[in-house]
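For reference, start24.cif (mmCIF, C-alpha atoms):
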```
data_protein
#
loop_
_atom_site.label_atom_id
_atom_site.label_comp_id
_atom_site.auth_asym_id
_atom_site.auth_seq_id
_atom_site.Cartn_x
_atom_site.Cartn_y
_atom_site.Cartn_z
CA MET A 24 -49.97 186.82 -18.27
CA ASP A 25 -53.25 184.87 -18.16
CA LYS A 26 -55.09 183.13 -21.00
CA HIS A 27 -57.31 186.10 -21.73
CA GLU A 28 -54.41 188.49 -22.02
CA GLU A 29 -52.60 186.02 -24.21
CA LYS A 30 -55.59 185.96 -26.55
CA GLU A 31 -55.66 189.74 -26.52
CA LEU A 32 -51.96 189.91 -27.34
CA GLU A 33 -52.42 187.40 -30.14
CA ALA A 34 -55.29 189.38 -31.64
CA PHE A 35 -53.30 192.58 -31.38
CA VAL A 36 -50.25 191.09 -33.12
CA ASP A 37 -52.54 189.51 -35.74
CA LYS A 38 -53.80 192.98 -36.51
CA ILE A 39 -50.32 194.48 -36.67
CA MET A 40 -49.01 191.74 -38.92
CA ALA A 41 -52.02 191.98 -41.22
CA GLU A 42 -51.18 195.62 -41.71
CA ALA A 43 -47.43 195.14 -41.97
CA PRO A 44 -46.71 196.02 -45.59
CA LEU A 45 -44.90 193.60 -47.88
CA GLU A 46 -41.58 195.01 -49.01
CA SER A 47 -40.62 194.94 -52.67
CA PRO A 48 -37.08 194.56 -53.98
CA SER A 49 -35.66 196.89 -56.64
CA ALA A 50 -37.53 197.14 -59.95
CA ASP A 51 -34.95 195.22 -61.97
CA PHE A 52 -34.60 192.43 -59.40
CA THR A 53 -35.97 189.70 -61.68
CA LYS A 54 -34.06 191.00 -64.71
CA ASN A 55 -30.74 191.02 -62.85
CA LEU A 56 -31.41 187.57 -61.49
CA VAL A 57 -32.21 186.06 -64.88
CA GLN A 58 -29.08 187.72 -66.33
CA ARG A 59 -26.96 186.17 -63.59
CA ILE A 60 -28.48 182.77 -64.24
CA GLU A 61 -28.09 183.03 -68.01
CA ALA A 62 -24.44 184.00 -67.52
CA THR A 63 -23.78 180.83 -65.52
CA GLN A 64 -25.71 178.75 -68.06
CA HIS A 65 -23.55 180.09 -70.92
CA LYS A 66 -20.44 179.22 -68.97
CA GLU A 67 -21.70 175.67 -68.79
CA VAL A 68 -22.39 175.62 -72.53
CA TYR A 69 -18.87 176.73 -73.42
CA GLN A 70 -17.19 174.45 -70.96
CA TYR A 71 -14.89 172.02 -72.78
CA LYS A 72 -16.43 168.62 -73.12
CA PRO A 73 -14.60 165.95 -75.16
CA ILE A 74 -16.68 164.55 -78.02
CA VAL A 75 -15.52 161.02 -77.24
CA PRO A 76 -16.28 160.14 -73.63
CA ARG A 77 -13.42 159.28 -71.33
CA GLN A 78 -14.44 155.63 -70.95
CA VAL A 79 -14.37 155.05 -74.70
CA LEU A 80 -10.94 156.69 -74.95
CA VAL A 81 -9.60 154.48 -72.15
CA LEU A 82 -11.07 151.39 -73.82
CA LEU A 83 -9.53 152.35 -77.17
CA PHE A 84 -6.17 152.94 -75.55
CA ILE A 85 -6.26 149.56 -73.77
CA GLY A 86 -7.37 147.89 -77.02
CA LEU A 87 -4.50 149.49 -78.96
CA LEU A 88 -1.96 148.46 -76.33
CA THR A 89 -3.23 144.86 -76.33
CA LEU A 90 -3.15 144.75 -80.12
CA THR A 91 0.42 146.10 -80.17
CA PHE A 92 1.61 143.56 -77.63
CA TYR A 93 -0.27 140.79 -79.43
CA LEU A 94 1.39 141.69 -82.73
CA ILE A 95 4.83 141.89 -81.15
CA ALA A 96 4.31 138.51 -79.48
CA GLN A 97 3.04 136.99 -82.71
CA TYR A 98 5.52 138.39 -85.24
CA GLY A 99 8.45 139.62 -83.14
CA LEU A 100 10.29 142.95 -83.44
CA GLU A 101 12.49 142.20 -86.52
CA SER A 102 11.68 144.51 -89.41
CA ASP A 103 11.89 141.84 -92.11
CA GLY A 104 9.52 139.54 -90.28
CA GLY A 105 6.68 142.10 -90.15
CA TRP A 106 3.56 142.58 -92.23
CA PHE A 107 5.24 144.60 -94.96
CA GLY A 108 8.38 142.45 -95.15
CA ASN A 109 7.57 141.12 -98.62
CA VAL A 110 5.75 144.10 -100.09
CA SER A 111 7.72 145.99 -102.70
CA VAL A 112 6.68 149.63 -103.20
CA GLU A 113 9.16 150.65 -105.92
CA PRO A 114 6.93 149.80 -108.94
CA VAL A 115 4.21 152.04 -107.57
CA PHE A 116 6.48 155.09 -107.32
CA ASP A 117 8.00 154.29 -110.73
CA ASN A 118 4.58 154.68 -112.30
CA ILE A 119 3.86 158.02 -110.62
CA TRP A 120 7.19 159.80 -110.87
CA GLY A 121 8.73 157.94 -113.85
CA TRP A 122 7.90 160.69 -116.36
CA LEU A 123 10.10 163.19 -114.43
CA GLU A 124 13.28 161.37 -115.55
CA ASN A 125 12.97 162.56 -119.11
CA TYR A 126 11.34 165.93 -118.36
CA THR A 127 13.03 169.27 -119.15
CA SER A 128 11.50 172.69 -118.66
CA SER A 129 12.17 176.07 -120.31
CA LYS A 130 13.79 178.95 -118.41
CA ILE A 131 10.67 181.09 -118.89
CA LEU A 132 8.50 178.55 -117.10
CA MET A 133 11.01 178.40 -114.24
CA TYR A 134 11.02 182.18 -113.83
CA ALA A 135 7.22 182.26 -113.97
CA VAL A 136 6.93 179.69 -111.18
CA LEU A 137 9.52 181.56 -109.08
CA LEU A 138 7.70 184.87 -109.55
CA PHE A 139 4.40 183.28 -108.67
CA GLY A 140 5.93 181.94 -105.44
CA LEU A 141 7.37 185.35 -104.61
CA LEU A 142 4.06 187.14 -105.15
CA PHE A 143 2.33 184.52 -103.04
CA PHE A 144 4.50 185.39 -100.07
CA VAL A 145 3.96 189.13 -100.66
CA GLN A 146 0.23 188.57 -100.49
CA VAL A 147 0.30 186.77 -97.14
CA PRO A 148 0.91 189.85 -94.90
CA LEU A 149 -1.51 191.96 -96.97
CA LEU A 150 -4.30 189.40 -96.66
CA LYS A 151 -3.60 188.95 -92.97
CA LYS A 152 -3.88 192.68 -92.36
CA GLN A 153 -7.22 192.85 -94.16
CA LEU A 154 -8.66 189.86 -92.33
CA ASP A 155 -7.58 191.31 -88.99
CA ARG A 156 -9.37 194.53 -89.80
CA ASN A 157 -12.58 192.70 -90.75
CA VAL A 158 -12.55 190.61 -87.62
CA MET A 159 -12.03 193.73 -85.54
CA LEU A 160 -15.05 195.36 -87.17
CA GLU A 161 -17.27 192.48 -86.12
CA MET B 24 -49.06 168.54 -52.33
CA LEU B 25 -47.97 170.44 -55.44
CA THR B 26 -50.51 171.89 -57.81
CA THR B 27 -50.41 170.89 -61.48
CA ASN B 28 -49.33 174.41 -62.34
CA GLU B 29 -46.42 174.22 -59.94
CA LYS B 30 -45.37 170.82 -61.32
CA GLU B 31 -45.44 172.21 -64.83
CA LEU B 32 -43.44 175.25 -63.72
CA ILE B 33 -40.83 173.12 -61.97
CA LYS B 34 -40.46 170.92 -65.04
CA LYS B 35 -39.94 173.93 -67.29
CA ILE B 36 -37.42 175.53 -64.94
CA SER B 37 -35.50 172.27 -64.56
CA ASN B 38 -35.12 172.27 -68.35
CA GLY B 39 -33.49 175.70 -68.10
CA ASN B 40 -36.51 177.80 -69.12
CA THR B 41 -35.66 181.24 -67.72
CA VAL B 42 -39.05 182.75 -68.66
CA ALA B 43 -40.79 180.23 -66.41
CA PHE B 44 -38.23 181.04 -63.74
CA SER B 45 -39.04 184.77 -64.00
CA ASP B 46 -42.68 183.90 -63.30
CA LEU B 47 -41.68 181.96 -60.21
CA VAL B 48 -39.47 184.84 -59.01
CA ASP B 49 -42.20 187.42 -59.60
CA GLY B 50 -44.63 185.33 -57.60
CA HIS B 51 -42.37 184.96 -54.57
CA LYS B 52 -39.89 187.84 -54.58
CA ASP B 53 -41.87 190.16 -52.31
CA LEU B 54 -42.37 187.49 -49.66
CA VAL B 55 -38.73 186.39 -49.75
CA TYR B 56 -37.48 189.97 -49.72
CA THR B 57 -39.77 190.88 -46.81
CA LEU B 58 -38.54 187.92 -44.78
CA CYS B 59 -34.92 188.87 -45.55
CA ILE B 60 -35.39 192.53 -44.70
CA ARG B 61 -37.09 191.70 -41.39
CA MET B 62 -34.34 189.28 -40.45
CA LEU B 63 -31.35 191.25 -41.71
CA GLY B 64 -32.61 194.76 -41.06
CA ASN B 65 -31.24 196.48 -44.14
CA ARG B 66 -32.23 196.71 -47.77
CA GLU B 67 -28.85 196.09 -49.41
CA ASP B 68 -28.22 192.84 -47.56
CA ALA B 69 -31.83 191.76 -48.09
CA GLU B 70 -31.60 192.34 -51.84
CA GLU B 71 -28.32 190.47 -52.12
CA VAL B 72 -29.47 187.52 -50.04
CA SER B 73 -32.79 187.36 -51.94
CA GLN B 74 -30.86 187.11 -55.22
CA ASP B 75 -28.74 184.30 -53.80
CA VAL B 76 -31.88 182.57 -52.54
CA PHE B 77 -33.43 182.49 -56.00
CA ILE B 78 -30.19 181.30 -57.60
CA LYS B 79 -30.15 178.47 -55.07
CA VAL B 80 -33.80 177.78 -55.92
CA PHE B 81 -32.93 177.60 -59.61
CA THR B 82 -30.04 175.20 -59.17
CA ALA B 83 -31.65 173.03 -56.49
CA LEU B 84 -35.15 172.82 -57.93
CA ARG B 85 -34.37 169.44 -59.45
CA THR B 86 -33.79 168.04 -55.97
CA PHE B 87 -37.11 169.38 -54.63
CA LYS B 88 -39.21 166.32 -53.94
CA GLY B 89 -42.50 168.09 -53.40
CA ASP B 90 -43.01 166.97 -49.80
CA SER B 91 -44.01 170.51 -48.82
CA LYS B 92 -45.52 173.49 -50.57
CA LEU B 93 -43.15 175.08 -53.07
CA SER B 94 -43.38 178.37 -51.19
CA THR B 95 -42.49 176.62 -47.91
CA TRP B 96 -39.40 175.16 -49.54
CA ILE B 97 -38.39 178.60 -50.83
CA TYR B 98 -38.93 180.18 -47.37
CA ARG B 99 -36.75 177.49 -45.87
CA ILE B 100 -33.90 178.35 -48.25
CA ALA B 101 -34.42 182.05 -47.54
CA TYR B 102 -34.53 181.53 -43.76
CA ASN B 103 -31.32 179.50 -43.80
CA ALA B 104 -29.59 181.98 -46.11
CA CYS B 105 -30.46 184.81 -43.71
CA LEU B 106 -29.20 182.82 -40.73
CA ASP B 107 -25.93 182.22 -42.58
CA ARG B 108 -25.60 185.90 -43.39
CA LEU B 109 -26.30 186.86 -39.77
CA LYS B 110 -23.72 184.36 -38.59
CA LYS B 111 -21.16 185.85 -40.97
CA SER B 112 -21.84 189.46 -40.06
CA LYS B 113 -22.28 188.57 -36.38
CA LYS B 114 -24.55 191.53 -35.98
CA GLU B 115 -26.83 191.19 -33.00
CA ARG B 116 -29.81 193.49 -32.92
CA MET B 117 -30.94 195.08 -29.72
CA ARG B 118 -32.37 192.96 -26.96
CA VAL B 119 -35.95 193.72 -26.04
CA GLU B 120 -36.96 193.91 -22.43
CA VAL B 121 -40.42 192.45 -22.03
CA ASP B 122 -40.67 192.43 -18.26
CA HIS B 123 -42.09 195.91 -18.04
CA LEU B 124 -44.85 195.21 -20.61
CA LYS B 125 -48.09 196.45 -19.11
CA SER B 126 -50.50 193.62 -19.76
CA ALA B 127 -53.62 195.79 -19.98
CA ALA B 128 -52.12 198.14 -22.53
CA PHE B 129 -53.16 196.33 -25.72
CA SER B 130 -56.57 197.94 -26.03
CA VAL B 131 -55.04 201.38 -25.44
CA MET B 132 -52.42 200.71 -28.08
CA ASP B 133 -55.09 199.33 -30.37
CA ASN B 134 -57.07 202.56 -30.08
CA ALA B 135 -53.99 204.64 -30.67
CA LEU B 136 -53.23 202.54 -33.73
CA ASP B 137 -56.71 203.12 -35.10
CA ARG B 138 -56.31 206.87 -34.87
CA MET B 139 -53.24 206.91 -37.07
CA VAL B 140 -53.35 207.38 -40.81
CA ARG B 141 -52.79 204.15 -42.68
CA GLU B 142 -49.43 205.16 -44.14
CA GLU B 143 -48.18 206.39 -40.83
CA ARG B 144 -49.21 203.09 -39.32
CA SER B 145 -47.30 201.10 -41.95
CA VAL B 146 -44.17 203.09 -41.22
CA LEU B 147 -44.57 202.60 -37.48
CA ILE B 148 -45.26 198.88 -37.80
CA ASN B 149 -42.28 198.45 -40.08
CA SER B 150 -39.99 200.26 -37.70
CA CYS B 151 -41.22 198.08 -34.82
CA LEU B 152 -40.64 194.93 -36.86
CA ALA B 153 -37.20 196.22 -37.77
CA ALA B 154 -36.39 196.58 -34.09
CA LEU B 155 -37.22 192.94 -33.38
CA PRO B 156 -34.31 190.47 -33.14
CA ALA B 157 -33.94 188.36 -36.30
CA GLU B 158 -35.26 185.16 -34.73
CA ASP B 159 -38.49 186.78 -33.56
CA ALA B 160 -39.00 188.76 -36.75
CA SER B 161 -38.58 185.63 -38.86
CA ILE B 162 -40.93 183.50 -36.79
CA LEU B 163 -43.69 186.12 -36.86
CA THR B 164 -43.26 186.81 -40.55
CA LEU B 165 -43.29 183.13 -41.48
CA PHE B 166 -46.31 182.46 -39.26
CA TYR B 167 -48.37 184.86 -41.33
CA PHE B 168 -46.80 183.92 -44.68
CA GLU B 169 -47.72 180.31 -43.98
CA GLU B 170 -51.22 181.36 -42.97
CA LYS B 171 -50.68 180.23 -39.38
CA ASN B 172 -50.00 176.65 -40.49
CA LEU B 173 -47.65 175.25 -37.84
CA LEU B 174 -47.01 172.07 -39.83
CA GLU B 175 -45.53 174.04 -42.74
CA MET B 176 -43.56 176.16 -40.29
CA GLU B 177 -42.03 173.03 -38.79
CA LYS B 178 -40.61 172.27 -42.22
CA VAL B 179 -39.17 175.75 -42.68
CA LEU B 180 -37.65 176.15 -39.24
CA ASP B 181 -36.82 172.53 -38.45
CA LEU B 182 -38.41 172.92 -35.02
CA SER B 183 -41.30 171.17 -33.28
CA ALA B 184 -44.73 172.79 -33.24
CA ASN B 185 -44.52 173.29 -29.48
CA THR B 186 -41.20 175.10 -29.66
CA ILE B 187 -42.62 177.27 -32.42
CA LYS B 188 -45.63 178.13 -30.25
CA VAL B 189 -43.38 179.15 -27.36
CA ARG B 190 -41.19 181.25 -29.64
CA LEU B 191 -44.23 182.84 -31.24
CA PHE B 192 -45.53 183.86 -27.85
CA ARG B 193 -42.17 185.35 -26.96
CA ALA B 194 -41.98 187.18 -30.28
CA ARG B 195 -45.47 188.62 -29.85
CA LYS B 196 -44.57 189.88 -26.41
CA LYS B 197 -41.40 191.50 -27.71
CA LEU B 198 -43.26 193.17 -30.56
CA ALA B 199 -45.86 194.50 -28.15
CA ALA B 200 -43.11 195.76 -25.86
CA ILE B 201 -41.39 197.59 -28.70
CA MET B 202 -44.68 199.07 -29.76
CA GLU B 203 -45.47 200.17 -26.23
CA ASN B 204 -42.11 201.86 -26.09
CA LYS B 205 -42.81 203.72 -29.32
CA PHE B 206 -46.23 204.79 -28.12
CA ASP B 207 -44.78 206.05 -24.86
CA LYS B 208 -42.37 208.17 -26.85
CA GLU B 209 -44.60 209.36 -29.69
CA THR B 210 -48.37 209.12 -29.35
CA VAL B 211 -48.77 209.17 -25.63
CA GLY B 212 -46.21 211.93 -25.40
CA SER B 213 -47.98 214.16 -27.91
CA ASN B 214 -51.39 213.56 -26.33
CA GLY B 215 -50.31 214.34 -22.83
#
```
Is it possible to give me this structure as structure tokens?
Amino acid sequence: MDKHEEKELEAFVDKIMAEAPLESPSADFTKNLVQRIEATQHKEVYQYKPIVPRQVLVLLFIGLLTLTFYLIAQYGLESDGGWFGNVSVEPVFDNIWGWLENYTSSKILMYAVLLFGLLFFVQVPLLKKQLDRNVMLE
Amino acid sequence: MLTTNEKELIKKISNGNTVAFSDLVDGHKDLVYTLCIRMLGNREDAEEVSQDVFIKVFTALRTFKGDSKLSTWIYRIAYNACLDRLKKSKKERMRVEVDHLKSAAFSVMDNALDRMVREERSVLINSCLAALPAEDASILTLFYFEEKNLLEMEKVLDLSANTIKVRLFRARKKLAAIMENKFDKETVGSNG
């Protein structure tokens, strides 16, 4: 094939290709594509990501361990030698619960409290059923 | 190399703006789909691969450095995706014999082509392109998509300009041979 024929061939193919129609994909091509992409994006959104980053957690853990070992080294393992060895908590509880020692209640009050407790447990399955139904409706 | 519009579009898409992405898809889907259909030879595969191409474009757009035209970069992804698909399906389209091509036949074919109604011509041209092997169909299609810019084609195909020229020549010859075959069967047959 000489140069002239090559030129002729080129011109001929130029003409064919200029006329070759562009093909179009299906009408909902773009819509389907965007849906696919949005689906993957949502997956990314719902992927579990810890609020505290891993590095901070590791640092906290190491810090806690060091503190524990430091305290053990400093004060030892004996319970009486620790921080709360000399703190007495009894007066605090005496103040809060002391009044119970002299308290007496009537039988009616006791029955009322018992009945209230009973009705409370009756309500639990009823409430659960109703909530389930509401959630299903959504 | 990128226009301001394209830069803006890329920025929006990188931030996850799907409306901007739809614009990009609408602007390029016909070209990508045409390349796929000419390389793969059937609509279902072409549609599927085109979808995958645009998903790849969406996820990889952040890595696009702008050293070529945006369309060139998209064609490159599409071309490689088609090659992968062909490799997987291992379908080889018919081989075209070019030895018998009568070199003086172009003007005759040209005249015959002129006589045909436009629609009929589109169908014939499409069927000839469909008969081309994937490599030739892709190189011809890209040559005209890239407005005959060999430098951009180098980026898509990862080949030197000289190799592309040789392959283009071969592809043109094959296309002409296929066309000649068709004319022998249809037009010439009905005239004689």
Can you tell me how far CA of Glu158 (chain B) sits from CA of Ala194 (chain B), in Å to one decimal?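 Between CA of Glu158 (chain B) and CA of Ala194 (chain B) the gap is 8.3 Å.
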Could you check how far CA of Pro48 (chain A) sits from CA of Ile201 (chain B), in Å to one decimal? 25.8 Å
Please report the interatomic distance between CA of Met202 (chain B) and CA of Ile187 (chain B) in Å with one decimal.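 These two atoms are separated by 22.1 Å.
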Expand the PyMOL selection byres ((chain A) within 12 of (chain B)) into the individual residues it matches in the shown file, reporting them as a PyMOL selection string. chain A and resi 24-65+67-68
Take every atom of region 46-57 of chain A listed in the file, pad by 8 Å on each side, and give me the axis-aligned box centre and edge lengths in Å, one decimal, as lines of an AutoDock Vina configuration file.
```
center_x = -36.2
center_y = 191.6
center_z = -56.9
size_x = 26.8
size_y = 27.1
size_z = 31.9
```
